[in-house]
Structure formats: C-alpha cells, structure tokens
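**Q** To be precise about what I am sending: the file is called model12.txt and holds compact mmCIF, C-alpha atoms.
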# COMPACT_ATOMS: atom_id res chain seq x y z
CA MET V 1 -46.72 -212.30 -92.13
CA LYS V 2 -42.97 -211.89 -91.67
CA ILE V 3 -41.22 -210.17 -94.58
CA VAL V 4 -37.49 -209.66 -95.11
CA PHE V 5 -36.83 -206.79 -97.50
CA ALA V 6 -33.33 -206.75 -99.02
CA ALA V 7 -31.97 -203.75 -100.88
CA ALA V 8 -28.66 -202.01 -101.62
CA GLU V 9 -30.10 -198.64 -100.65
CA ALA V 10 -33.09 -197.12 -98.87
CA ALA V 11 -33.93 -193.56 -97.94
CA PRO V 12 -33.43 -191.84 -95.59
CA PHE V 13 -30.27 -193.86 -94.81
CA ILE V 14 -28.71 -193.95 -98.28
CA LYS V 15 -30.13 -193.12 -101.70
CA THR V 16 -28.72 -192.85 -105.23
CA GLY V 17 -31.93 -193.36 -107.24
CA GLY V 18 -35.47 -194.65 -107.38
CA LEU V 19 -34.65 -197.90 -105.58
CA GLY V 20 -33.91 -195.85 -102.49
CA ASP V 21 -37.39 -194.36 -102.55
CA VAL V 22 -39.15 -197.69 -103.05
CA ALA V 23 -37.08 -199.39 -100.34
CA GLU V 24 -38.20 -196.70 -97.92
CA ALA V 25 -41.88 -196.54 -98.87
CA LEU V 26 -42.78 -200.18 -99.47
CA PRO V 27 -41.42 -201.73 -96.24
CA GLY V 28 -43.01 -198.87 -94.33
CA ALA V 29 -46.38 -199.47 -95.95
CA LEU V 30 -46.20 -203.25 -95.47
CA SER V 31 -45.33 -202.83 -91.81
CA LYS V 32 -48.59 -200.96 -91.23
CA ILE V 33 -50.69 -203.95 -92.29
CA LYS V 34 -52.07 -205.82 -89.30
CA ASP V 35 -49.98 -208.81 -88.16
CA ASN V 36 -47.10 -207.95 -90.51
CA LYS V 37 -43.50 -207.70 -89.33
CA VAL V 38 -40.97 -206.29 -91.78
CA TYR V 39 -37.18 -206.52 -91.54
CA LEU V 40 -35.18 -204.27 -93.89
CA PHE V 41 -31.54 -205.24 -94.58
CA LEU V 42 -29.02 -202.73 -95.94
CA PRO V 43 -25.22 -202.61 -96.26
CA TYR V 44 -23.57 -200.64 -93.46
CA TYR V 45 -21.90 -198.13 -95.79
CA ASN V 46 -19.52 -195.63 -94.23
CA LYS V 47 -21.99 -192.85 -95.07
CA ILE V 48 -24.43 -194.59 -92.72
CA LYS V 49 -21.96 -195.92 -90.18
CA TYR V 50 -20.30 -192.58 -89.52
CA ASN V 51 -23.45 -190.48 -89.72
CA GLU V 52 -24.03 -189.16 -86.21
CA ASN V 53 -27.73 -188.73 -86.91
CA ILE V 54 -28.24 -192.47 -87.51
CA LYS V 55 -28.21 -194.25 -84.16
CA THR V 56 -27.57 -198.00 -84.19
CA GLU V 57 -26.85 -200.79 -81.76
CA PHE V 58 -24.68 -203.86 -82.21
CA VAL V 59 -26.59 -207.16 -82.52
CA THR V 60 -24.14 -209.93 -83.38
CA SER V 61 -21.17 -210.93 -85.54
CA PHE V 62 -20.00 -214.05 -87.34
CA SER V 63 -18.12 -215.23 -90.44
CA VAL V 64 -19.61 -215.61 -93.90
CA ASP V 65 -18.09 -218.10 -96.33
CA LEU V 66 -17.53 -217.02 -99.93
CA SER V 67 -15.93 -220.11 -101.39
CA TRP V 68 -12.46 -220.22 -99.76
CA ARG V 69 -12.91 -216.82 -98.08
CA LYS V 70 -14.15 -216.30 -94.54
CA GLN V 71 -15.36 -212.72 -94.23
CA HIS V 72 -16.38 -210.91 -91.08
CA CYS V 73 -20.02 -209.89 -90.82
CA GLY V 74 -21.36 -207.59 -88.15
CA VAL V 75 -25.07 -206.94 -87.73
CA PHE V 76 -26.28 -203.61 -86.41
CA LYS V 77 -29.85 -202.49 -85.79
CA PHE V 78 -31.31 -199.03 -86.26
CA LYS V 79 -32.56 -197.65 -82.96
CA SER V 80 -36.26 -197.04 -83.39
CA ARG V 81 -39.44 -197.33 -81.38
CA LYS V 82 -41.14 -199.10 -84.27
CA THR V 83 -41.72 -202.79 -83.63
CA THR V 84 -43.30 -203.80 -86.93
CA LEU V 85 -40.47 -202.32 -89.05
CA GLN V 86 -36.92 -203.12 -88.03
CA VAL V 87 -33.85 -202.02 -89.99
CA PHE V 88 -30.64 -204.07 -89.92
CA PHE V 89 -27.26 -203.12 -91.35
CA ILE V 90 -24.70 -205.64 -92.62
CA ASP V 91 -21.23 -204.49 -91.61
CA ASN V 92 -17.91 -205.28 -93.27
CA GLU V 93 -15.24 -202.59 -93.44
CA TYR V 94 -13.48 -204.14 -96.42
CA TYR V 95 -16.58 -204.19 -98.62
CA PHE V 96 -18.56 -201.16 -97.48
CA ASN V 97 -16.10 -198.58 -96.17
CA ARG V 98 -15.78 -197.07 -99.64
CA ALA V 99 -16.12 -193.59 -101.11
CA SER V 100 -18.98 -194.68 -103.37
CA VAL V 101 -21.99 -196.97 -103.05
CA TYR V 102 -21.59 -198.58 -106.48
CA GLY V 103 -19.04 -198.58 -109.27
CA GLU V 104 -16.21 -200.42 -107.51
CA PRO V 105 -14.17 -203.03 -109.45
CA ASP V 106 -15.22 -205.75 -106.99
CA ASP V 107 -18.94 -204.90 -106.86
CA GLY V 108 -19.79 -208.50 -107.75
CA GLU V 109 -17.95 -209.83 -104.70
CA ARG V 110 -19.24 -207.06 -102.45
CA PHE V 111 -22.88 -207.77 -103.16
CA ALA V 112 -22.42 -211.53 -103.27
CA PHE V 113 -21.21 -211.14 -99.68
CA PHE V 114 -24.18 -208.91 -98.85
CA SER V 115 -26.65 -211.42 -100.28
CA LYS V 116 -25.23 -214.35 -98.37
CA ALA V 117 -24.80 -212.30 -95.19
CA ILE V 118 -28.51 -211.45 -95.27
CA LEU V 119 -29.49 -215.12 -95.23
CA GLU V 120 -26.95 -215.97 -92.54
CA SER V 121 -28.28 -213.09 -90.43
CA VAL V 122 -31.89 -214.14 -90.94
CA LYS V 123 -31.00 -217.66 -89.82
CA ARG V 124 -28.99 -216.58 -86.75
CA LEU V 125 -31.58 -214.02 -85.64
CA ASN V 126 -34.38 -216.60 -85.98
CA LEU V 127 -36.51 -214.22 -88.03
CA ASP V 128 -38.31 -217.13 -89.73
CA PRO V 129 -39.61 -215.11 -92.72
CA ASP V 130 -42.53 -216.07 -94.92
CA ILE V 131 -41.30 -213.82 -97.73
CA ILE V 132 -37.85 -212.57 -98.73
CA HIS V 133 -38.21 -209.64 -101.11
CA CYS V 134 -35.07 -208.92 -103.16
CA ASN V 135 -34.44 -205.88 -105.34
CA ASP V 136 -32.23 -205.48 -108.41
CA TRP V 137 -28.94 -207.22 -109.13
CA GLN V 138 -27.28 -206.33 -105.82
CA THR V 139 -29.54 -208.79 -103.95
CA ALA V 140 -30.22 -211.12 -106.88
CA LEU V 141 -28.09 -213.90 -105.42
CA VAL V 142 -30.28 -214.24 -102.33
CA PRO V 143 -32.69 -216.70 -104.05
CA VAL V 144 -29.71 -218.63 -105.44
CA PHE V 145 -27.95 -218.94 -102.07
CA LEU V 146 -31.26 -219.80 -100.41
CA HIS V 147 -31.74 -222.66 -102.84
CA ALA V 148 -28.13 -223.85 -102.59
CA PHE V 149 -27.24 -223.44 -98.91
CA TYR V 150 -30.21 -222.45 -96.76
CA HIS V 151 -33.13 -224.53 -98.03
CA GLU V 152 -33.25 -226.62 -94.85
CA GLU V 153 -33.16 -223.77 -92.30
CA LEU V 154 -35.15 -221.22 -94.32
CA GLY V 155 -37.00 -223.52 -96.66
CA LYS V 156 -40.47 -222.20 -95.93
CA ALA V 157 -39.54 -218.70 -97.15
CA LYS V 158 -40.75 -217.72 -100.61
CA THR V 159 -38.74 -215.26 -102.67
CA VAL V 160 -39.90 -212.25 -104.66
CA PHE V 161 -37.50 -210.45 -106.99
CA THR V 162 -38.28 -206.94 -108.22
CA ILE V 163 -36.57 -205.46 -111.27
CA HIS V 164 -36.11 -201.70 -110.89
CA ASN V 165 -33.54 -201.14 -113.66
CA ILE V 166 -32.75 -203.99 -116.04
CA GLU V 167 -29.79 -202.10 -117.51
CA TYR V 168 -27.69 -203.18 -114.53
CA GLN V 169 -27.58 -206.97 -114.30
CA GLY V 170 -24.52 -207.88 -112.22
CA LYS V 171 -22.09 -209.42 -114.68
CA CYS V 172 -18.88 -211.27 -113.74
CA ASP V 173 -16.36 -213.64 -115.27
CA PRO V 174 -17.33 -217.35 -115.34
CA TYR V 175 -14.68 -218.24 -112.70
CA PHE V 176 -16.78 -216.26 -110.22
CA ILE V 177 -19.17 -219.22 -109.77
CA GLY V 178 -16.61 -221.41 -108.04
CA ASP V 179 -13.98 -218.96 -106.83
CA THR V 180 -16.33 -216.50 -105.12
CA LEU V 181 -19.80 -217.98 -104.87
CA GLY V 182 -18.64 -221.49 -103.98
CA LEU V 183 -21.45 -223.01 -106.03
CA TYR V 184 -21.40 -226.40 -107.70
CA PRO V 185 -21.09 -226.72 -111.51
CA GLU V 186 -24.80 -227.57 -111.66
CA TYR V 187 -25.49 -223.86 -111.10
CA GLU V 188 -23.68 -222.82 -114.27
CA SER V 189 -26.86 -223.03 -116.35
CA THR V 190 -28.62 -220.82 -113.79
CA LEU V 191 -25.92 -218.15 -113.63
CA MET V 192 -24.39 -218.05 -117.11
CA TYR V 193 -25.72 -215.77 -119.83
CA ASP V 194 -23.89 -214.42 -122.88
CA ASN V 195 -20.61 -216.02 -121.75
CA CYS V 196 -20.58 -214.43 -118.31
CA VAL V 197 -22.19 -214.76 -114.89
CA ASN V 198 -25.41 -212.76 -114.75
CA PHE V 199 -26.89 -212.15 -111.28
CA LEU V 200 -30.22 -210.88 -112.57
CA LYS V 201 -30.83 -213.89 -114.78
CA ALA V 202 -30.16 -216.21 -111.85
CA ALA V 203 -32.70 -214.38 -109.69
CA VAL V 204 -35.34 -214.61 -112.40
CA LEU V 205 -34.85 -218.38 -112.57
CA LYS V 206 -34.62 -219.10 -108.83
CA SER V 207 -37.21 -216.71 -107.36
CA ASP V 208 -40.75 -217.86 -106.66
CA ALA V 209 -42.13 -214.66 -108.18
CA VAL V 210 -40.67 -211.89 -110.34
CA ASN V 211 -42.15 -208.44 -110.82
CA THR V 212 -41.13 -204.95 -111.87
CA VAL V 213 -41.21 -201.64 -110.08
CA SER V 214 -44.32 -200.56 -112.00
CA GLU V 215 -46.90 -201.82 -114.48
CA THR V 216 -45.53 -199.41 -117.08
CA TYR V 217 -42.03 -200.83 -116.71
CA MET V 218 -43.41 -204.36 -116.98
CA LYS V 219 -44.94 -203.46 -120.35
CA GLU V 220 -41.73 -201.80 -121.52
CA LEU V 221 -39.70 -204.91 -120.72
CA SER V 222 -41.89 -206.99 -123.00
CA TYR V 223 -40.26 -205.18 -125.95
CA PRO V 224 -36.70 -206.03 -127.08
CA TYR V 225 -35.76 -202.34 -127.34
CA TYR V 226 -36.11 -201.88 -123.57
CA SER V 227 -35.16 -205.33 -122.32
Transcribe the structure of this file into structure tokens.
**A**
Amino acid sequence: MKIVFAAAEAAPFIKTGGLGDVAEALPGALSKIKDNKVYLFLPYYNKIKYNENIKTEFVTSFSVDLSWRKQHCGVFKFKSRKTTLQVFFIDNEYYFNRASVYGEPDDGERFAFFSKAILESVKRLNLDPDIIHCNDWQTALVPVFLHAFYHEELGKAKTVFTIHNIEYQGKCDPYFIGDTLGLYPEYESTLMYDNCVNFLKAAVLKSDAVNTVSETYMKELSYPYYS
C-alpha cells in the first residue's frame, strides 16, 4: 500500500506538540509493514532548511495556483537510506521562512498553499497513493482540493483525516473561498460554519474516514463540553 502522510510538523525535524510525535511514530510504524511505502510531507520551515544536521536534496519545482496567485513551490527530499519511508519538504520562502511555525496572520493562506502543494507534488512525482492521511486543520484542505481539482489524476486515493486538537479549526473570512482557495460557490456549504470558513469542518465532510488521535479523545469529543 502507498500512503501519503501530510502534517504541519513531525519530529525530529520540527515539533511544537503532540502532533509532532505522532507524525514521527505513525509513518515510521506503517513503513515497516510489508509492501507498504510511506511518503511524509512537511513544510520546509527555515528551522529545517537552515539546520546543517538535516541533509536534503532538491527534487523539482513548479507553480501552485491559489485563485489568482501563482506561488513558487520547491520540493526537497530528506537524504536517507530508508526506501519504505521517504520525507519530502514543501519549500516556499514567503510562507515558511518565518520566525514561528504557527501564529502568523496569514496562517490560513500559508497552509492552504501547503495543502494544495502536497497534491500537486504527489501528482508530479507519480506517487500514486492509495491513502492520503491528513492531520489537523493545517492539512484539512487536502481532501477538499482533491475533490475539487485532482479527482481525475488522484481519484483512486482515499483520504483519512485525524483530529489531534479540535480547539484549532482553521477559521478565515468568507471571502477566502474565492479569493484564496479559488473554489466555486458550491463549496460554500462545505467550508462555512458559524459565519466563517472552517477548514476542519470541510475535512470532516470531504474525507473518506475521520478519526481522532486516541480512543479517549474520541469519547471526549462526543460531549459538547469538549467539542
């Protein structure tokens, strides 16, 4: 099975919380299963790019459309002897050469770019995945973009979306749908929640399967107090 694992962070490259631990451990474990090939995609943050201990090699570059924008995307690969687990970094100086990983005013645009760049990379590298596993709001638009723009080239891929922390949902102004995502009005019902764009809601609706980081968290989210 070919599995693309998409996350905003993964140890040991970059980590701010529990997602970083899961995005290290789970792809590694899946890659050890016979006949599995796992491809981990991460943003090429400056803390990774300029870390002399992380050796990478250039793979390719192209443009990614975000509505009227054409943004540069470079793809770099972590140098490793492992063949069943390959790590790719999505490069864009404007979006990822920042002092912090999260908390920027344009986080919505940054991770919309990341989500679409993942799919464009998967298509251009001919990875032909069976599963695309997305994690938290930063990659929540992958299932949406797959449905809207990549269903012909990557149509066989099924999507799994894992909720690690429901407190962060990826909220933007309604204009974001057309101005940044370049999606048709028919996607408003998918993206809109409580008078704003909600990345997490869209992933829940467009993914083939949705789970949580643990069984305990799944039970917690069944109660209004937590969810």
**Q** Of the candidates V:Leu66, V:Leu19, V:Leu181, V:Cys172, which one gets nearest to Pro105 in chain V if we count all atoms listed in the file?
**A**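 Closest to Pro105 in chain V, using all atoms listed in the file: V:Cys172.
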**Q** Take every atom of range 7-26 of chain V listed in the file, pad by 5 Å on each side, and give me the axis-aligned box centre and edge lengths in Å, one decimal, as AutoDock Vina command-line options.
**A**
--center_x -35.7 --center_y -197.8 --center_z -101.1 --size_x 24.1 --size_y 21.9 --size_z 22.6
**Q** Between V:Thr139, V:Ser31, V:Thr212, V:Gln169, which one has atoms that come closest to Asp194 in chain V, using all atoms listed in the file?
**A**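 Selected residue with least distance to Asp194 in chain V: V:Gln169.
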**Q** For His72 in chain V, which residue out of V:Leu154, V:Thr84, V:Ala117, V:Lys206 is the nearest one, using all atoms listed in the file?
**A**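 Once distances to His72 in chain V are computed over all atoms listed in the file, the minimum belongs to V:Ala117.
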**Q** What is the CA of Gly28 in chain V-CA of Tyr150 in chain V distance in Å, reported with one decimal?
**A** 26.9 Å
**Q** Report, in Å with one decimal, the straight-line distance from CA of Ala25 in chain V to CA of Ser80 in chain V.
**A**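 These atoms are spaced 16.5 Å apart.
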**Q** In file coordinates, which residues lie within 10 Å of (-27.1, -210.4, -90.6) using all atoms listed in the file, given as a list of chain:residue names?
**A**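 Protein, DNA and RNA residues close to (-27.1, -210.4, -90.6): V:Phe41, V:Leu42, V:Pro43, V:Val59, V:Thr60, V:Ser61, V:Phe62, V:Val64, V:Cys73, V:Gly74, V:Val75, V:Phe76, V:Lys77, V:Phe88, V:Phe89, V:Ile90, V:Asp91, V:Phe114, V:Ser115, V:Lys116, V:Ala117, V:Ile118, V:Leu119, V:Glu120, V:Ser121, V:Val122, V:Lys123, V:Arg124, V:Leu125.
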**Q** Rank nothing, just name the residue among V:Gln138, V:Gln71, V:Asn36, V:Gln86 nearest to Tyr102 in chain V, using only C-alpha atoms.
**A** V:Gln138
**Q** Which residue out of V:Pro129, V:Asn46, V:Asp35, V:Gly18 has the minimum interatomic distance to Ser214 in chain V when only C-alpha atoms are used?
**A**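 Looking at the shortest contact to Ser214 in chain V, the residue is V:Gly18.
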**Q** Identify which of the residues V:Asn198, V:Thr162, V:Ser189, V:Asn92 lies closest to Asn211 in chain V, counting only C-alpha atoms when measuring atom-to-atom distances.
**A**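 Closest residue, counting only C-alpha atoms: V:Thr162.
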**Q** For CA of Asn97 in chain V and CA of Tyr50 in chain V, quote the distance in Å rounded to one decimal.
**A**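 Computing the Euclidean distance for CA of Asn97 in chain V and CA of Tyr50 in chain V yields 9.9 Å.
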